[in-house]
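Pasted below: work.csv, CSV, C-alpha atoms.
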```csv
chain,number,residue,atom,x,y,z
A,1,MET,CA,-76.5,-14.4,40.6
A,2,GLY,CA,-76.6,-13.9,36.9
A,3,ILE,CA,-73.8,-12.2,34.9
A,4,LEU,CA,-74.6,-9.0,33.1
A,5,ALA,CA,-73.0,-9.0,29.7
A,6,LEU,CA,-73.0,-6.0,27.4
A,7,SER,CA,-72.2,-6.6,23.8
A,8,THR,CA,-70.5,-3.9,21.7
A,9,GLY,CA,-73.4,-4.0,19.4
A,10,SER,CA,-75.8,-2.9,22.1
A,11,ARG,CA,-73.8,0.4,23.0
A,12,LYS,CA,-75.0,3.7,21.7
A,13,PRO,CA,-72.7,5.3,19.0
A,14,ASN,CA,-72.0,8.5,21.1
A,15,GLU,CA,-71.0,6.4,24.2
A,16,THR,CA,-68.6,4.4,22.1
A,17,MET,CA,-67.0,7.6,20.7
A,18,ARG,CA,-66.7,9.0,24.3
A,19,ILE,CA,-64.8,5.8,25.4
A,20,LEU,CA,-62.4,5.9,22.5
A,21,LEU,CA,-61.7,9.6,23.0
A,22,THR,CA,-61.1,9.2,26.7
A,23,THR,CA,-58.7,6.3,26.0
A,24,PHE,CA,-56.8,8.3,23.4
A,25,LEU,CA,-56.4,11.3,25.7
A,26,GLY,CA,-55.2,9.1,28.5
A,27,VAL,CA,-52.5,7.6,26.4
A,28,VAL,CA,-51.3,11.0,25.2
A,29,PHE,CA,-51.3,12.4,28.7
A,30,GLY,CA,-49.3,9.5,30.0
A,31,PHE,CA,-46.8,9.9,27.2
A,32,LEU,CA,-46.2,13.6,28.0
A,33,ILE,CA,-45.8,12.9,31.7
A,34,GLY,CA,-43.2,10.2,30.9
A,35,VAL,CA,-41.0,12.3,28.6
A,36,SER,CA,-41.0,15.3,31.0
A,37,PHE,CA,-39.0,13.4,33.7
A,38,PRO,CA,-35.4,12.0,33.5
A,39,THR,CA,-35.3,8.3,32.9
A,40,LEU,CA,-34.9,6.3,36.1
A,41,SER,CA,-33.4,2.9,35.5
A,42,LEU,CA,-34.5,0.5,38.3
A,43,THR,CA,-32.1,-2.2,37.5
A,44,LYS,CA,-30.7,-4.8,39.9
A,45,SER,CA,-27.5,-2.8,40.3
A,46,ASN,CA,-29.2,0.3,41.9
A,47,LYS,CA,-32.3,-1.0,43.7
A,48,SER,CA,-30.4,-1.4,46.9
A,49,SER,CA,-29.6,2.4,46.8
A,50,GLY,CA,-33.2,3.5,47.0
A,51,PHE,CA,-35.6,4.6,44.4
A,52,PHE,CA,-34.0,7.9,43.5
A,53,PRO,CA,-30.3,8.1,42.3
A,54,VAL,CA,-27.8,10.0,44.4
A,55,ILE,CA,-27.6,13.6,43.4
A,56,ASP,CA,-24.1,15.1,43.3
A,57,LEU,CA,-23.8,18.9,43.5
A,58,ALA,CA,-20.6,19.5,41.6
A,59,TYR,CA,-18.9,22.6,40.3
A,60,SER,CA,-18.1,23.5,36.7
A,61,GLU,CA,-15.5,26.1,35.7
A,62,ASP,CA,-16.9,27.5,32.5
A,63,LYS,CA,-14.2,30.2,32.2
A,64,PRO,CA,-11.3,31.5,34.2
A,65,GLY,CA,-12.3,32.8,37.5
A,66,SER,CA,-15.9,31.8,37.3
A,67,LYS,CA,-17.7,28.8,38.8
A,68,THR,CA,-21.2,27.6,38.2
A,69,VAL,CA,-23.1,25.2,40.4
A,70,LEU,CA,-24.6,22.4,38.4
A,71,SER,CA,-28.3,21.6,39.0
A,72,PRO,CA,-29.1,18.1,40.5
A,73,TRP,CA,-30.6,17.0,37.2
A,74,SER,CA,-27.6,18.0,35.1
A,75,SER,CA,-25.2,16.4,37.5
A,76,MET,CA,-27.2,13.2,37.3
A,77,LYS,CA,-27.2,13.2,33.5
A,78,GLY,CA,-23.4,13.8,33.5
A,79,ASN,CA,-22.7,10.8,35.7
A,80,ASN,CA,-25.0,8.5,33.7
A,81,SER,CA,-22.0,6.6,32.2
A,82,SER,CA,-21.8,3.1,33.4
A,83,SER,CA,-18.0,3.5,34.0
A,84,MET,CA,-18.7,6.0,36.7
A,85,GLN,CA,-21.2,4.0,38.6
A,86,ALA,CA,-20.3,1.7,41.5
A,87,PRO,CA,-21.0,-2.0,40.9
A,88,ASN,CA,-23.6,-3.9,42.8
A,89,SER,CA,-22.3,-4.3,46.3
A,90,LYS,CA,-23.4,-7.9,46.3
A,91,ASP,CA,-21.2,-8.7,43.3
A,92,LYS,CA,-17.9,-9.6,44.9
A,93,SER,CA,-16.1,-10.2,41.6
A,94,LYS,CA,-15.9,-6.4,40.9
A,95,ILE,CA,-13.4,-4.0,42.4
A,96,TRP,CA,-14.6,-0.7,43.7
A,97,VAL,CA,-12.4,1.4,46.1
A,98,PRO,CA,-13.9,4.8,46.8
A,99,SER,CA,-10.7,5.9,48.6
A,100,ASN,CA,-8.7,5.5,45.4
A,101,PRO,CA,-8.0,8.7,43.3
A,102,ARG,CA,-11.0,9.8,41.3
A,103,GLY,CA,-11.4,7.7,38.2
A,104,ALA,CA,-9.3,4.8,39.6
A,105,GLU,CA,-12.0,3.3,41.8
A,106,ARG,CA,-12.1,0.1,39.8
A,107,LEU,CA,-8.4,-0.6,40.3
A,108,PRO,CA,-6.9,-2.5,43.2
A,109,PRO,CA,-5.2,0.0,45.6
A,110,GLY,CA,-1.9,-1.9,45.5
A,111,PHE,CA,-1.6,-1.2,41.7
A,112,VAL,CA,-2.6,2.5,41.7
A,113,VAL,CA,0.2,5.0,41.1
A,114,ALA,CA,-1.1,8.4,42.1
A,115,GLU,CA,2.1,10.3,41.9
A,116,SER,CA,4.9,10.7,39.4
A,117,ASP,CA,8.3,12.4,39.0
A,118,TYR,CA,10.8,13.9,36.6
A,119,TYR,CA,13.3,11.1,36.8
A,120,LEU,CA,14.7,10.2,33.3
A,121,ARG,CA,14.6,6.5,32.5
A,122,ARG,CA,16.3,4.2,30.0
A,123,LEU,CA,14.6,2.5,27.0
A,124,TRP,CA,16.3,-0.8,27.8
A,125,GLY,CA,17.3,-3.0,30.7
A,126,ASP,CA,15.7,-3.7,34.1
A,127,PRO,CA,13.6,-0.7,35.3
A,128,LYS,CA,14.8,-1.3,38.8
A,129,GLU,CA,18.3,-0.4,37.6
A,130,ASP,CA,17.4,2.8,35.8
A,131,LEU,CA,18.3,5.2,38.5
A,132,THR,CA,21.8,5.4,40.0
A,133,ILE,CA,20.5,8.2,42.1
A,134,ALA,CA,17.1,9.6,42.8
A,135,PRO,CA,17.3,13.4,43.2
A,136,ARG,CA,15.6,14.7,46.4
A,137,TYR,CA,15.2,18.3,45.2
A,138,LEU,CA,13.9,20.1,42.1
A,139,VAL,CA,15.1,23.4,40.7
A,140,THR,CA,13.3,25.2,37.8
A,141,PHE,CA,14.4,28.2,35.8
A,142,THR,CA,12.2,30.0,33.3
A,143,VAL,CA,14.8,30.9,30.6
A,144,GLY,CA,15.6,32.5,27.3
A,145,TYR,CA,18.7,31.5,25.4
A,146,ASP,CA,20.2,35.0,25.8
A,147,GLN,CA,20.7,34.3,29.5
A,148,ARG,CA,22.4,30.9,29.0
A,149,LYS,CA,25.7,31.9,30.6
A,150,ASN,CA,23.9,33.0,33.7
A,151,ILE,CA,21.9,29.9,33.9
A,152,ASP,CA,25.0,27.8,33.4
A,153,ALA,CA,26.5,29.5,36.4
A,154,CYS,CA,23.4,28.8,38.4
A,155,VAL,CA,23.0,25.2,37.5
A,156,LYS,CA,26.6,24.5,38.6
A,157,LYS,CA,25.6,25.6,42.1
A,158,PHE,CA,23.2,22.7,42.4
A,159,SER,CA,24.5,19.1,43.0
A,160,GLU,CA,23.3,15.8,41.5
A,161,ASN,CA,20.7,15.8,44.3
A,162,PHE,CA,18.7,18.2,42.2
A,163,THR,CA,16.6,17.6,39.1
A,164,ILE,CA,17.1,20.5,36.7
A,165,LEU,CA,14.0,21.6,34.8
A,166,LEU,CA,14.1,24.5,32.3
A,167,PHE,CA,11.0,26.3,31.0
A,168,HIS,CA,11.8,28.0,27.7
A,169,TYR,CA,9.8,31.1,26.9
A,170,ASP,CA,11.6,31.8,23.6
A,171,GLY,CA,11.2,28.4,21.9
A,172,ARG,CA,15.0,27.8,21.7
A,173,VAL,CA,15.8,24.5,23.2
A,174,SER,CA,18.3,22.4,21.2
A,175,GLU,CA,20.9,25.2,21.4
A,176,TRP,CA,21.3,24.5,25.2
A,177,ASP,CA,23.0,21.2,24.4
A,178,GLU,CA,26.3,23.2,24.3
A,179,PHE,CA,26.2,22.6,28.0
A,180,GLU,CA,26.8,19.0,29.1
A,181,TRP,CA,24.3,19.2,32.0
A,182,SER,CA,21.5,20.3,29.6
A,183,LYS,CA,21.5,16.8,28.1
A,184,SER,CA,20.2,15.3,31.3
A,185,ALA,CA,17.9,18.2,32.2
A,186,ILE,CA,14.2,18.4,31.5
A,187,HIS,CA,13.2,20.9,28.9
A,188,VAL,CA,9.6,22.3,28.5
A,189,SER,CA,9.0,24.9,25.8
A,190,ALA,CA,6.0,27.3,25.2
A,191,ARG,CA,6.7,30.7,23.7
A,192,LYS,CA,6.1,33.9,25.8
A,193,GLN,CA,4.9,32.2,28.9
A,194,THR,CA,5.8,33.0,32.5
A,195,LYS,CA,7.2,30.8,35.2
A,196,TRP,CA,3.8,30.8,37.1
A,197,TRP,CA,2.1,29.7,33.9
A,198,TYR,CA,4.5,26.8,33.7
A,199,ALA,CA,4.3,26.1,37.4
A,200,LYS,CA,0.5,25.7,37.3
A,201,ARG,CA,0.7,23.3,34.4
A,202,PHE,CA,3.9,21.3,34.9
A,203,LEU,CA,4.5,21.4,38.7
A,204,HIS,CA,1.4,19.7,40.0
A,205,PRO,CA,2.0,18.5,43.6
A,206,ASP,CA,1.5,14.9,42.5
A,207,ILE,CA,4.2,15.3,39.8
A,208,VAL,CA,6.8,16.8,42.1
A,209,ALA,CA,5.8,14.7,45.2
A,210,PRO,CA,9.2,12.9,45.4
A,211,TYR,CA,11.1,16.2,46.0
A,212,ASP,CA,11.6,17.5,49.5
A,213,TYR,CA,12.0,21.1,48.2
A,214,ILE,CA,11.1,22.9,45.0
A,215,PHE,CA,13.1,25.9,43.8
A,216,ILE,CA,11.1,28.1,41.3
A,217,TRP,CA,13.6,30.7,40.2
A,218,ASP,CA,14.0,33.5,37.7
A,219,GLU,CA,16.8,33.6,35.2
A,220,ASP,CA,18.6,36.8,36.3
A,221,LEU,CA,20.0,35.8,39.6
A,222,GLY,CA,23.7,36.0,40.5
A,223,VAL,CA,24.8,33.0,42.6
A,224,GLU,CA,28.4,33.7,43.4
A,225,HIS,CA,27.7,33.5,47.1
A,226,PHE,CA,25.2,30.7,47.0
A,227,ASN,CA,25.5,26.9,47.6
A,228,ALA,CA,22.3,24.9,47.2
A,229,GLU,CA,23.3,22.0,49.6
A,230,GLU,CA,24.2,24.5,52.4
A,231,TYR,CA,21.0,26.3,51.8
A,232,ILE,CA,19.0,23.2,52.3
A,233,LYS,CA,20.8,22.5,55.6
A,234,LEU,CA,19.8,25.9,56.9
A,235,VAL,CA,16.2,25.6,55.8
A,236,LYS,CA,15.9,22.4,57.7
A,237,LYS,CA,17.8,23.7,60.7
A,238,HIS,CA,15.4,26.7,61.1
A,239,GLY,CA,12.2,24.9,60.1
A,240,LEU,CA,11.4,27.0,57.0
A,241,GLU,CA,8.6,25.7,54.8
A,242,ILE,CA,8.8,28.7,52.4
A,243,SER,CA,12.0,30.6,52.0
A,244,GLN,CA,14.3,32.5,49.7
A,245,PRO,CA,18.0,33.5,49.7
A,246,GLY,CA,18.8,36.9,51.0
A,247,LEU,CA,19.2,39.6,48.3
A,248,GLU,CA,22.2,41.8,48.0
A,249,PRO,CA,20.9,45.1,49.6
A,250,ASN,CA,22.9,47.4,47.3
A,251,LYS,CA,21.6,45.9,44.1
A,252,GLY,CA,18.1,46.8,42.8
A,253,LEU,CA,14.9,47.5,44.7
A,254,THR,CA,13.9,45.0,47.3
A,255,TRP,CA,11.7,44.8,50.4
A,256,GLN,CA,13.3,45.2,53.7
A,257,MET,CA,12.3,41.7,54.6
A,258,THR,CA,14.2,40.1,51.7
A,259,LYS,CA,17.5,42.1,52.1
A,260,ARG,CA,20.4,40.1,53.3
A,261,ARG,CA,21.7,40.6,56.8
A,262,GLY,CA,25.3,40.1,57.5
A,263,ASP,CA,24.9,39.1,61.1
A,264,SER,CA,22.6,36.1,60.9
A,265,GLU,CA,22.0,32.8,59.2
A,266,VAL,CA,18.3,33.4,58.8
A,267,HIS,CA,15.8,36.1,59.6
A,268,LYS,CA,12.0,35.9,59.8
A,269,ILE,CA,10.9,39.4,60.7
A,270,THR,CA,11.9,43.0,60.0
A,271,ASP,CA,10.9,46.6,60.3
A,272,GLU,CA,9.4,48.3,57.3
A,273,LYS,CA,8.4,51.9,56.6
A,274,PRO,CA,5.9,53.4,59.1
A,275,GLY,CA,2.3,52.3,58.4
A,276,TRP,CA,3.2,49.5,56.1
A,277,CYS,CA,2.6,46.7,58.6
A,278,THR,CA,-0.6,46.6,60.6
A,279,ASP,CA,0.7,43.6,62.4
A,280,PRO,CA,4.4,42.8,63.0
A,281,HIS,CA,3.6,39.1,62.1
A,282,LEU,CA,2.1,40.0,58.7
A,283,PRO,CA,3.6,40.9,55.3
A,284,PRO,CA,5.7,42.7,54.4
A,285,CYS,CA,7.3,42.7,57.9
A,286,ALA,CA,7.0,38.9,58.4
A,287,ALA,CA,5.7,35.7,56.7
A,288,PHE,CA,6.9,37.1,53.4
A,289,VAL,CA,9.3,36.3,50.6
A,290,GLU,CA,9.4,37.6,47.0
A,291,ILE,CA,8.4,35.6,43.9
A,292,MET,CA,11.7,35.9,42.1
A,293,ALA,CA,13.5,33.0,43.9
A,294,PRO,CA,11.1,31.2,46.3
A,295,VAL,CA,11.8,27.7,47.7
A,296,PHE,CA,8.9,25.6,48.9
A,297,SER,CA,8.8,22.4,51.0
A,298,ARG,CA,6.7,19.6,49.5
A,299,ASP,CA,3.8,20.2,51.8
A,300,ALA,CA,3.8,24.0,51.4
A,301,TRP,CA,3.9,23.7,47.6
A,302,ARG,CA,0.8,21.4,47.7
A,303,CYS,CA,-1.1,24.3,49.1
A,304,VAL,CA,0.5,27.1,47.1
A,305,TRP,CA,-0.1,25.3,43.8
A,306,HIS,CA,-3.8,25.4,44.4
A,307,MET,CA,-3.6,29.2,45.1
A,308,ILE,CA,-2.1,30.0,41.6
A,309,GLN,CA,-4.8,31.2,39.3
A,310,ASN,CA,-4.8,29.8,35.7
A,311,ASP,CA,-5.3,33.2,34.0
A,312,LEU,CA,-3.1,35.3,36.3
A,313,VAL,CA,0.3,34.4,34.9
A,314,HIS,CA,2.7,36.9,36.5
A,315,GLY,CA,2.2,35.8,40.1
A,316,TRP,CA,1.8,39.3,41.5
A,317,GLY,CA,0.0,39.1,44.8
A,318,LEU,CA,1.2,35.6,45.6
A,319,ASP,CA,4.0,36.8,47.9
A,320,PHE,CA,1.5,38.5,50.3
A,321,ALA,CA,-0.7,35.4,50.3
A,322,LEU,CA,1.8,32.6,50.8
A,323,ARG,CA,1.3,32.9,54.6
A,324,LYS,CA,-2.2,31.4,54.2
A,325,CYS,CA,-0.5,28.0,53.4
A,326,ILE,CA,1.6,27.9,56.5
A,327,GLU,CA,0.8,28.0,60.3
A,328,PRO,CA,2.3,29.8,62.1
A,329,ALA,CA,3.6,31.7,59.0
A,330,HIS,CA,5.8,34.1,60.8
A,331,GLU,CA,7.9,31.2,62.1
A,332,LYS,CA,8.0,29.0,59.0
A,333,ILE,CA,8.6,31.6,56.3
A,334,GLY,CA,12.0,33.3,56.2
A,335,VAL,CA,15.0,34.6,54.4
A,336,VAL,CA,18.4,32.7,54.4
A,337,ASP,CA,21.1,35.4,54.9
A,338,SER,CA,24.2,33.3,54.8
A,339,GLN,CA,23.4,31.9,51.4
A,340,TRP,CA,22.6,34.9,49.3
A,341,ILE,CA,22.0,36.0,45.7
A,342,VAL,CA,22.0,39.1,43.5
A,343,HIS,CA,18.9,40.1,41.6
A,344,GLN,CA,20.3,41.4,38.3
A,345,THR,CA,17.0,42.9,37.2
A,346,ILE,CA,17.2,42.0,33.5
A,347,PRO,CA,13.7,42.6,31.9
A,348,SER,CA,14.2,39.8,29.4
A,349,LEU,CA,10.7,38.3,29.7
A,350,GLY,CA,9.2,41.8,29.8
A,351,ASN,CA,10.6,42.4,26.3
A,352,GLN,CA,8.6,39.4,25.1
A,353,GLY,CA,5.5,41.5,25.2
A,354,GLU,CA,4.0,43.5,22.2
A,355,SER,CA,3.9,47.1,21.5
A,356,GLN,CA,0.3,48.5,21.7
A,357,ASN,CA,-1.1,52.0,21.5
A,358,GLY,CA,2.4,53.4,21.2
A,359,LYS,CA,3.6,51.7,24.4
A,360,LYS,CA,6.8,49.7,24.6
A,361,PRO,CA,6.5,45.9,25.1
A,362,TRP,CA,7.7,46.0,28.7
A,363,GLN,CA,5.1,48.8,29.6
A,364,GLY,CA,2.2,46.5,28.5
A,365,VAL,CA,3.7,43.7,30.6
A,366,LYS,CA,4.0,45.9,33.7
A,367,GLU,CA,0.4,47.1,33.3
A,368,ARG,CA,-0.8,43.5,33.1
A,369,CYS,CA,1.2,42.7,36.3
A,370,ARG,CA,-0.5,45.5,38.2
A,371,LYS,CA,-3.9,44.5,36.9
A,372,GLU,CA,-3.3,40.9,37.9
A,373,TRP,CA,-2.3,41.9,41.4
A,374,THR,CA,-5.6,43.7,41.9
A,375,MET,CA,-7.6,40.8,40.5
A,376,PHE,CA,-5.8,38.3,42.7
A,377,GLN,CA,-6.5,40.3,45.8
A,378,ASN,CA,-10.1,40.8,44.9
A,379,ARG,CA,-10.7,37.1,44.2
A,380,LEU,CA,-9.0,36.0,47.4
A,381,ALA,CA,-10.9,38.5,49.5
A,382,SER,CA,-14.2,37.6,47.9
A,383,ALA,CA,-13.7,33.9,48.3
A,384,GLU,CA,-12.8,34.4,52.0
A,385,ARG,CA,-15.9,36.5,52.6
A,386,THR,CA,-18.1,33.9,51.0
A,387,TYR,CA,-16.6,31.1,53.0
A,388,PHE,CA,-17.1,32.9,56.4
A,389,LYS,CA,-20.5,34.1,55.5
A,390,THR,CA,-21.6,30.6,54.4
A,391,ALA,CA,-20.2,29.2,57.7
A,392,GLY,CA,-22.1,31.9,59.7
A,393,LEU,CA,-18.8,33.4,61.0
A,394,ASP,CA,-17.4,37.0,61.0
A,395,THR,CA,-14.7,37.6,58.5
A,396,PRO,CA,-11.3,38.0,60.4
A,397,ASN,CA,-9.6,41.3,60.0
A,398,SER,CA,-6.2,40.3,58.6
A,399,ASN,CA,-4.8,43.2,56.5
A,400,GLY,CA,-1.5,42.1,55.0
A,401,HIS,CA,-1.6,44.2,51.8
```
Using the file provided, produce a representation of the structure as structure tokens.
Amino acid sequence: MGILALSTGSRKPNETMRILLTTFLGVVFGFLIGVSFPTLSLTKSNKSSGFFPVIDLAYSEDKPGSKTVLSPWSSMKGNNSSSMQAPNSKDKSKIWVPSNPRGAERLPPGFVVAESDYYLRRLWGDPKEDLTIAPRYLVTFTVGYDQRKNIDACVKKFSENFTILLFHYDGRVSEWDEFEWSKSAIHVSARKQTKWWYAKRFLHPDIVAPYDYIFIWDEDLGVEHFNAEEYIKLVKKHGLEISQPGLEPNKGLTWQMTKRRGDSEVHKITDEKPGWCTDPHLPPCAAFVEIMAPVFSRDAWRCVWHMIQNDLVHGWGLDFALRKCIEPAHEKIGVVDSQWIVHQTIPSLGNQGESQNGKKPWQGVKERCRKEWTMFQNRLASAERTYFKTAGLDTPNSNGH
């Protein structure tokens, strides 16, 4: 059979132009298709995972209280860094431990330190000899220098088993060295911030993990009838995960639940005004403490910390929601009567506000507190509805203010 050969010179001019135009259009079309899709790198390191990369649907918090679901493509682009990709499973010279804390997958598990503490250490000597005692408990006070005498009295009620941490809302730190104990305390300063602002940022569960119990207290508490070590014994004896000392019933306004009883060590339930408690096991009749002097076990705090909202700094609403971190809450949240305190009701932090529209500083702070309470309740209720709806379940009726 002969071979048919067509030379270029034998083609017609219009046919040649048609071939060139078709070729050009094909190249342009291919280019446009290529740039319209994300680049897929089919290297040796990811061929074994399949043709398409794994798509991770992550959340991004753009602003306080709002979350946006990232699209699959944006998630893929964000994780395109080689440092975030698992090495080739056939390369046994590389470490990759998915169970390690996020970001530490490339480290050997025996070397990873996922938790920390507030233990002070020396700049010299053998690190193993730094600590003569490792405190088992942590107490924090959010303070202004004007309340130094009251804080001095409080600190003296806590033994060397406690790490002392002061959060300074007035910026005055060095003056506290007039007290010898202050020289071994931890000091954190940020002007005009509340204890819940501090707690969210400096009491992460992985930072306070060494401590069995965490006290997060106000600065205006009278402690004449309080001993911290005896308090811990009673908390352990009665199995309390969240607690507070009883409050002197004749001083200031308190809930019935948090008033001290003279005939018991601990109480976990009370009677309130008619109609206030839809269920005797719900706040404010049970499973309830106030936010002025709460004490959390390590496990309880790990949950409560995640409940604190970044932008809701006064903590209003937390007291009614703490029960969600403990089960059964009405048995593991209680008030210690035999170690009791006095709430002196000094509005020192309230006076750190600003006068606006003719209102006094404390009035603006109080309005913010009420607004935050409503916002906290609405966020929690909305999140619960969304959860149960997504799970195809009916939302439980649990009215606890």
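Using all atoms listed in the file, the nearest neighbour of A:Ile186 within the list A:Asp212, A:Asp117, A:Asp206, A:Asp126 is A:Asp117.
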Within 7 Å of stretch 311-332 of chain A, which residues of stretch 98-209 of chain A show up? Give each one with its shortest atom-to-atom distance in Å (one decimal) and the two atoms involved, counting all atoms listed in the file, rows by chain then rising residue number, as CSV.
```
residue,atom,partner,partner_atom,distance
A:Thr194,CA,A:Val313,CA,6.2
A:Trp196,CA,A:Val313,CA,5.5
A:Trp197,CA,A:Val313,CA,5.1
```
For the residues in that selection, give me C-alpha atoms as a compact mmCIF listing (two decimals), in the coordinates of the input.
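The result, written out as out_0.txt:
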```txt
# COMPACT_ATOMS: atom_id res chain seq x y z
CA THR A 194 5.80 33.00 32.50
CA TRP A 196 3.80 30.80 37.10
CA TRP A 197 2.10 29.70 33.90
```
Would you list the contacts of stretch 159-165 of chain A as JSON, numbers by chain, taking every protein, DNA or RNA residue within 10 Å and counting all atoms listed in the file, but skipping same-chain residues closer than 3 positions in sequence?
-> {"A": [117, 118, 119, 120, 133, 134, 135, 136, 137, 138, 139, 140, 141, 142, 155, 156, 168, 181, 182, 184, 185, 186, 187, 188, 211, 213, 214, 215, 216, 227, 228, 229]}
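Residue neighbourhood of A:His204, excluding near-sequence residues (fewer than 4 positions): Ala114, Glu115, Ser116, Asp117, Tyr118, Trp196, Trp197, Tyr198, Ala199, Lys200, Val208, Ala209, Pro210, Tyr211, Ile214, Arg298, Trp301, Arg302, Cys303, Val304, Trp305, His306, Met307 and Ile308 of chain A, at 12 Å, using all atoms listed in the file.
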Write out as a list in words which residues come within 8 Å of stretch 219-222 of chain A when counting all atoms listed in the file, dropping same-chain ones fewer than 4 positions away.
->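 After dropping sequence-adjacent residues, the list is Phe141, Thr142, Val143, Gln147, Asn150, Ile151, Cys154, Ile341, Val342, His343, Gln344, Thr345 and Ile346 of chain A.
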10 Å contact set for A:Arg148, only C-alpha atoms, chain neighbours under 4 positions out, as a list in words |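 Result of the neighbour search: Val143, Gly144, Asp152, Ala153, Cys154, Glu175, Trp176, Glu178, Phe179 and Glu219 of chain A.
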Put those residues in a file: C-alpha atoms, as a PDB file, keeping the file's coordinate frame.
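Contents of out_12.pdb, freshly written:
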```
ATOM      1  CA  VAL A 143      14.800  30.900  30.600  1.00  0.00           C
ATOM      2  CA  GLY A 144      15.600  32.500  27.300  1.00  0.00           C
ATOM      3  CA  ASP A 152      25.000  27.800  33.400  1.00  0.00           C
ATOM      4  CA  ALA A 153      26.500  29.500  36.400  1.00  0.00           C
ATOM      5  CA  CYS A 154      23.400  28.800  38.400  1.00  0.00           C
ATOM      6  CA  GLU A 175      20.900  25.200  21.400  1.00  0.00           C
ATOM      7  CA  TRP A 176      21.300  24.500  25.200  1.00  0.00           C
ATOM      8  CA  GLU A 178      26.300  23.200  24.300  1.00  0.00           C
ATOM      9  CA  PHE A 179      26.200  22.600  28.000  1.00  0.00           C
ATOM     10  CA  GLU A 219      16.800  33.600  35.200  1.00  0.00           C
TER      11      GLU A 219
END
```
Check the smallest atom-to-atom distance from each of A:Tyr387, A:Glu230, A:Arg201, A:Gly334 to A:Ile242 using only C-alpha atoms, then report the winner.
->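 Smallest separation from A:Ile242 among the options: A:Gly334.
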Atom CA of A:Thr278 and atom CA of A:Asn397 are how many Å apart?
->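 Interatomic distance here is 10.5 Å.
Rounded to one decimal, atom CA of A:Pro347 and atom CA of A:Asn250 lie 18.6 Å from each other.
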Nearest candidate to A:Phe296 (options A:Thr132, A:Asn310, A:Gln244, A:Ser338; using all atoms listed in the file) | A:Gln244
Two-atom distance - atom CA of A:Ser243, atom CA of A:Glu290 (Å) =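 Rounded to one decimal, the two atoms are 9.0 Å apart.
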Missing atoms in stretch 321-334 of chain A: fill them in up to N, CA and C atoms and send the result as an mmCIF file, in the coordinates of the input.
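Just written: selection33.cif:
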```cif
data_model
loop_
_atom_site.group_PDB
_atom_site.id
_atom_site.type_symbol
_atom_site.label_atom_id
_atom_site.label_comp_id
_atom_site.auth_asym_id
_atom_site.auth_seq_id
_atom_site.Cartn_x
_atom_site.Cartn_y
_atom_site.Cartn_z
ATOM 1 N N ALA A 321 0.251 36.464 49.916
ATOM 2 C CA ALA A 321 -0.700 35.400 50.300
ATOM 3 C C ALA A 321 -0.142 34.113 50.691
ATOM 4 N N LEU A 322 1.144 33.924 50.477
ATOM 5 C CA LEU A 322 1.800 32.600 50.800
ATOM 6 C C LEU A 322 1.560 32.221 52.234
ATOM 7 N N ARG A 323 1.459 33.192 53.124
ATOM 8 C CA ARG A 323 1.300 32.900 54.600
ATOM 9 C C ARG A 323 0.059 32.085 54.850
ATOM 10 N N LYS A 324 -0.910 32.114 53.966
ATOM 11 C CA LYS A 324 -2.200 31.400 54.200
ATOM 12 C C LYS A 324 -1.957 29.873 54.098
ATOM 13 N N CYS A 325 -0.826 29.455 53.565
ATOM 14 C CA CYS A 325 -0.500 28.000 53.400
ATOM 15 C C CYS A 325 0.282 27.456 54.554
ATOM 16 N N ILE A 326 0.722 28.305 55.479
ATOM 17 C CA ILE A 326 1.600 27.900 56.500
ATOM 18 C C ILE A 326 1.121 28.393 57.890
ATOM 19 N N GLU A 327 1.236 27.578 58.915
ATOM 20 C CA GLU A 327 0.800 28.000 60.300
ATOM 21 C C GLU A 327 1.818 27.472 61.293
ATOM 22 N N PRO A 328 2.399 28.344 62.137
ATOM 23 C CA PRO A 328 2.300 29.800 62.100
ATOM 24 C C PRO A 328 3.299 30.353 61.039
ATOM 25 N N ALA A 329 2.792 31.209 60.181
ATOM 26 C CA ALA A 329 3.600 31.700 59.000
ATOM 27 C C ALA A 329 4.775 32.476 59.397
ATOM 28 N N HIS A 330 4.673 33.279 60.449
ATOM 29 C CA HIS A 330 5.800 34.100 60.800
ATOM 30 C C HIS A 330 6.983 33.358 61.357
ATOM 31 N N GLU A 331 6.774 32.081 61.658
ATOM 32 C CA GLU A 331 7.900 31.200 62.100
ATOM 33 C C GLU A 331 8.392 30.291 61.066
ATOM 34 N N LYS A 332 7.592 30.023 60.036
ATOM 35 C CA LYS A 332 8.000 29.000 59.000
ATOM 36 C C LYS A 332 8.235 29.605 57.651
ATOM 37 N N ILE A 333 8.187 30.925 57.537
ATOM 38 C CA ILE A 333 8.600 31.600 56.300
ATOM 39 C C ILE A 333 9.726 32.531 56.642
ATOM 40 N N GLY A 334 10.815 32.453 55.888
ATOM 41 C CA GLY A 334 12.000 33.300 56.200
ATOM 42 C C GLY A 334 12.957 33.440 55.111
#
```
